[in-house]
2 protein chains.
Amino acid sequence: MSDVAAAAGVSTATVSMVLSGAGSGRISAQTQAKVREAAEAIGYAPNSVARSLRTRRTRMIGLISDTIATTPFAGRMLAGANDAAREHGHLVVLVDTDGDRAQERQAIEALTGQRVDAMVYARMWHQVVDAPAGLAEGSVFLDCRPAQGSWRAVVPDDREGGVAATRELVAAGHRRIAYLDAPEGAGVVASELRHQGYLQVLAEAGITPDPALHVHGETDAGGGRAAAEELLDLPADRRPTALFCFNDRMAMGAYTAAHRRGLRIPDDLSIVGYDDQQLIAAELDPPLTTVALPHYEMGRWAMEVALGEREADPAEPHRMECPIIRRDSVGPPPPSQAS
Amino acid sequence: MSDVAAAAGVSTATVSMVLSGAGSGRISAQTQAKVREAAEAIGYAPNSVARSLRTRRTRMIGLISDTIATTPFAGRMLAGANDAAREHGHLVVLVDTDGDRAQERQAIEALTGQRVDAMVYARMWHQVVDAPAGLAEGSVFLDCRPAQGSWRAVVPDDREGGVAATRELVAAGHRRIAYLDAPEGAGVVASELRHQGYLQVLAEAGITPDPALHVHGETDAGGGRAAAEELLDLPADRRPTALFCFNDRMAMGAYTAAHRRGLRIPDDLSIVGYDDQQLIAAELDPPLTTVALPHYEMGRWAMEVALGEREADPAEPHRMECPIIRRDSVGPPPPSQAS
DNA sequence: TCCCAGCGGTTAATCGATTAAACGGGCCGG
DNA sequence: CCGGCCCGTTTAATCGATTAACCGCTGGGA
């Protein structure tokens with residue numbers, strides 16, 4: 001900076017004021033022009049480290065995640081957070097802890113030492129978590145909610161997602177709608193919430209839930225296929241005409257089970273998934289109607305709150321809408337089974 | 001730090017030496033213990049910003065990527081880079097530019113200002129790119145190679161990947177092997193390289209390539225399905241017994257085409273994909289034999305080179321092996337067509 | 001006895017910005 | 001003619017570490 005000052009024939013203080021924008025009203029237009037020219041000529045770029053030391057603001061936000069490695073969803077969340085940060089002139093420092101508690105602590109220490117302006121704590125798969133020790137006051141929880149303490153958090157509205165999926169099937173005329181759930185007792189918050197939404201819509205539609213239509217399976221294609229087979233092997237009068245699957249991978253398995261039995265989708269069987277998983281949902285045959293998890297929007301929301309650009313209530317996690325994505329896997333029930 | 005110094009009854013210089021490890025041999029064990037106790041009691045954590053200002057090293061690496069948002073592969077690359085950075089006590093500053101040149105420039109400026117120790121420039125899908133202006137000397141290219149200039153870079157060895165896939169099919173006894181390629185003239189480096197590998201293996205096996213078995217299609221399930229249908233509609237004596245698909249999504253479409261014709265995999269038709277796309281390849285029915293893109297390893301390699309922990313030749317991009325992942329979609333050709 | 005090396009620290013300059021306070025010159029009102 | 005004020009700019013303290021140079025003391029060799 002002193003080089004610029006020398007070249008412009010002014011002091012470093014003047015250069016600082018001009019270049020940081022604090023000069024308007026204080027420094028003459030003439031001097032400002034001189035300084036800018038000199039800076040340009042020299043190719044001066046301010047040293048953010050020195051600036052941060054003095055101002056005590058780094059314009060960096062720490063993002064601690066457990067899952068970059070293992071899920072394709074993390075990308076959308078990161079993109080949302082990244083975009084929001086960029087729009088407000090901040091940078092994202094990313095740490096993937098792989099869910100390891102020790103790494104998490106180490107990451108928090110490193111970010112604290114680096115004096116990031118705020119932290120976002122992301123855990124994949126809507127869950128209840130213990131806040132890690134040392135997490136900076138005012139940090140934001142992303143796709144998880146803290147077991148205790150007062151923190152701002154954002155999660156998908158899985159209950160309303162379950163409602164949307166089930167309502168889509170009811171609206172198409174189905175009355176025997178199965179729910180292919182995640183494994184029982186796995187403590188997956190989303191699973192229970194979506195089930196609640198499912199039951200609510202059935203009640204609204206005056207349909208008595210059939211316990212036989214609520215089955216569990218591993219949350220992959222194999223689990224979905226097994227669960228679907230169990231349902232499709234039911235006697236004709238008890239067999240479901242539509243499946244609401246906990247996720248798209250289970251739906252993929254359900255497709256396989258249906259094909260094996262010669263059932264056409266959506267003519268003989270309607271299917272709704274969950275996640276709107278990129279490169280899968282849209283590529284199935286037929287393309288899958290599913291409920292989207294708003295990862296991008298959640299990432300953006302968390303970052304905006306962390307930056308103080310958006311208000312949030314620490315008492316209650318923010319629930320973000322899961323919109324239904326209509327494709328071609330839902331149709332009216334087959335005539336023989338219509339009610 | 002001065003608080004710690006006061007509490008321990010020494011100067012800040014001593015505290016610095018003790019805590020930074022430079023104290024061994026200079027400071028007595030007794031004093032060291034005193035300092036550490038005081039630091040512990042106060043809960044002192046060094047300010048990395050101040051340290052960086054003085055040492056001119058931030059222990060942060062900038063990672064510029066164009067695709068976090070749009071592909072599920074980026075995660076693996078990030079994870080590799082992140083792990084390598086962590087192991088060497090560094091942090092990753094991530095910027096997603098969405099492929100936008102202006103954002104890219106802005107990102108480079110911000111990272112330069114932030115004085116990151118090095119930069120990694122990642123572009124998804126093995127491609128040849130123009131190095132962005134202002135990219136720091138010594139930056140590392142990840143999953144792309146610079147059109148000009150001397151840079152260190154890492155890309156997947158797509159030629160050998162094509163070899164591995166084709167060899168797998170030849171070894172199973174196939175002689176009529178089709179290549180479902182990406183669209184012609186799209187400038188996809190990978191497409192051409194894999195084709196070279198394919199031709200090489202055919203030549204080695206003494207098989208004359210049949211131009212009719214080299215077809216193109218969009219790189220999604222729809223394109224794969226269309227291309228596969230074209231091939232399966234060939235007269236029986238010219239029909240392929242095995243398909244090598246440009247990627248797993250095309251393979252997914254090929255599965256659909258096969259099912260529609262009542263062909264069983266691998267009994268009637270063998271299929272090999274490319275990418276080993278998580279949540280897809282392993283979930284198809286039957287699970288897909290495919291060639292893995294070593295994203296994690298490439299991310300790690302690039303970061304290690306950026307950190308100076310690994311040597312690399314700027315004259316030639318490093319080619320990383322694409323290992324074949326054997327699952328259940330490859331078998332011997334049907335007896336009627338065996339050669 | 002004198003000098004120098006080694007020990008265990010300390011002093012103070014430095015990194016590159018920001019910013020409150022001071023400063024100097026011109027102008028205006030009394 | 002002088003004091004005060006405003007304007008534009010400079011001076012200098014500050015952020016929190018690192019590190020070269022230095023300091024006083026002791027002990028050993030010449």
# chains A, B, ... in the order shown; residues from 1 in each chain; ligands from 1

call {"tool": "residues_around", "arguments": {"residues": "C:DG24", "least_positions_apart": "6", "cutoff": "12 Å", "atoms": "only C-alpha atoms (C1' of nucleotides)", "output": "ChimeraX atom specification"}}
result
/D:6-10

call {"tool": "closest_atom_pairs", "arguments": {"of": "chain C", "to": "chain B", "cutoff": "7 Å", "atoms": "only C-alpha atoms (C1' of nucleotides)", "output": "JSON lines"}}
result
{"residue": "C:DG8", "atom": "C1'", "partner": "B:Ile27", "partner_atom": "CA", "distance": 6.0}
{"residue": "C:DT10", "atom": "C1'", "partner": "B:Ser11", "partner_atom": "CA", "distance": 6.7}
{"residue": "C:DC15", "atom": "C1'", "partner": "B:Arg54", "partner_atom": "CA", "distance": 4.3}

call {"tool": "write_last_selection", "arguments": {"atoms": "N, CA and C atoms (P, O5', C5', C4', C3', O3' and C1' of nucleotides)", "output": "PDB file, in the first residue's frame"}}
result
ATOM      1  P    DG C   8      18.888 -23.586  29.844  1.00  0.00           P
ATOM      2  O5'  DG C   8      18.119 -22.209  29.956  1.00  0.00           O
ATOM      3  C5'  DG C   8      18.164 -21.488  31.194  1.00  0.00           C
ATOM      4  C4'  DG C   8      17.412 -20.198  31.017  1.00  0.00           C
ATOM      5  C3'  DG C   8      16.028 -20.363  30.346  1.00  0.00           C
ATOM      6  O3'  DG C   8      15.104 -19.512  30.983  1.00  0.00           O
ATOM      7  C1'  DG C   8      17.303 -18.845  29.146  1.00  0.00           C
ATOM      8  P    DT C  10      11.105 -13.817  29.478  1.00  0.00           P
ATOM      9  O5'  DT C  10      11.957 -12.608  28.888  1.00  0.00           O
ATOM     10  C5'  DT C  10      12.781 -11.840  29.763  1.00  0.00           C
ATOM     11  C4'  DT C  10      13.300 -10.622  29.019  1.00  0.00           C
ATOM     12  C3'  DT C  10      12.207  -9.685  28.485  1.00  0.00           C
ATOM     13  O3'  DT C  10      12.643  -8.345  28.700  1.00  0.00           O
ATOM     14  C1'  DT C  10      13.561 -10.435  26.689  1.00  0.00           C
ATOM     15  P    DC C  15       8.055  -5.226   7.171  1.00  0.00           P
ATOM     16  O5'  DC C  15       6.767  -6.144   6.983  1.00  0.00           O
ATOM     17  C5'  DC C  15       6.874  -7.571   6.936  1.00  0.00           C
ATOM     18  C4'  DC C  15       5.504  -8.172   7.150  1.00  0.00           C
ATOM     19  C3'  DC C  15       4.393  -7.350   6.496  1.00  0.00           C
ATOM     20  O3'  DC C  15       4.075  -7.910   5.231  1.00  0.00           O
ATOM     21  C1'  DC C  15       3.820  -8.047   8.745  1.00  0.00           C
TER      22       DC C  15
END

call {"tool": "atom_distance", "arguments": {"atom1": "atom CA of A:Pro72", "atom2": "atom CA of B:Asp285"}}
result
20.7 Å

call {"tool": "closest_residue", "arguments": {"among": "C:DT19, C:DG6, C:DG26, C:DT11", "to": "D:DC22", "atoms": "only C-alpha atoms (C1' of nucleotides)"}}
result
C:DT11

call {"tool": "select_by_dssp", "arguments": {"residues": "stretch 45-253 of chain A", "states": "strand (DSSP E)", "output": "number ranges by chain"}}
result
A: 60-65, 91-96, 118-129, 140-146, 152-156, 177-181, 214-216, 242-245

call {"tool": "interface_residues", "arguments": {"of": "chain A", "to": "chain B", "cutoff": "6 Å", "atoms": "only C-alpha atoms", "output": "JSON, numbers by chain"}}
result
{"A": [47, 48, 49, 50, 53, 68, 69, 72, 75, 76, 79, 92, 93, 94, 113, 114, 221, 283]}

call {"tool": "residues_around", "arguments": {"residues": "A:Arg159", "least_positions_apart": "2", "cutoff": "7 Å", "atoms": "only C-alpha atoms (C1' of nucleotides)", "output": "list in words"}}
result
Asp157, Gly161, Gly162, Val163, Leu193, Arg194, Gln196 and Gly197 of chain A

call {"tool": "atom_distance", "arguments": {"atom1": "atom CA of A:Glu229", "atom2": "atom CA of A:Ala292"}}
result
25.3 Å
